[in-house]
Amino acid sequence: MVVFDDYPLDTSWQIEKIVSSGDTIILKTFNGTSSEANKLRNESMCLEGEQTYQFTIYDDYGDGIVAPGHYNVTSKGNIGGE
């Protein structure tokens, strides 16, 4: 979940799967759109169990997501097994 600030085009994030060699495979990249200023966006993905993933959020301008904008990453379902 991301609540964008006044500059949603500056915000992007991606989910990567970390493979055994330590390299990463980009699974999905998300980008803010001009119509999302100060709005909430929920995204969800189904990920394979027994894998390691990395979440990275970017701000192109470099000032971060300005309050009251923010983000939250949660997981649902089985974690670490079956």
# chains A, B, ... in the order shown; residues from 1 in each chain; ligands from 1
>>> closest_atom_pairs(of="segment 14-42 of chain A", to="segment 73-77 of chain A", cutoff="12 Å", atoms="only C-alpha atoms", output="Markdown table")
| residue | atom | partner | partner_atom | distance |
| --- | --- | --- | --- | --- |
| A:Gln14 | CA | A:Val73 | CA | 11.8 |
| A:Ile15 | CA | A:Val73 | CA | 11.0 |
| A:Arg41 | CA | A:Val73 | CA | 12.0 |
| A:Asn42 | CA | A:Val73 | CA | 9.9 |
>>> residues_around(residues="segment 22-27 of chain A", least_positions_apart="3", cutoff="12 Å", atoms="only C-alpha atoms", output="list in words")
Trp13, Gln14, Ile15, Glu16, Lys17, Ile18, Val19, Phe30, Met45, Cys46, Leu47, Glu48, Gln51, Thr52, Tyr53, Gln54, Phe55 and Thr56 of chain A
>>> closest_residue(among="A:Ser12, A:Ser21, A:Ile57, A:Asp6", to="Ser34 of chain A", atoms="only C-alpha atoms")
A:Asp6
>>> residues_around(residues="Tyr7 of chain A", least_positions_apart="5", cutoff="10 Å", atoms="only C-alpha atoms", output="list in words")
Gly32, Thr33, Ser34, Ser35, Glu36, Ala37, Asn38, Asp59, Asp60, Tyr61, Ile65, Val66 and Gly69 of chain A
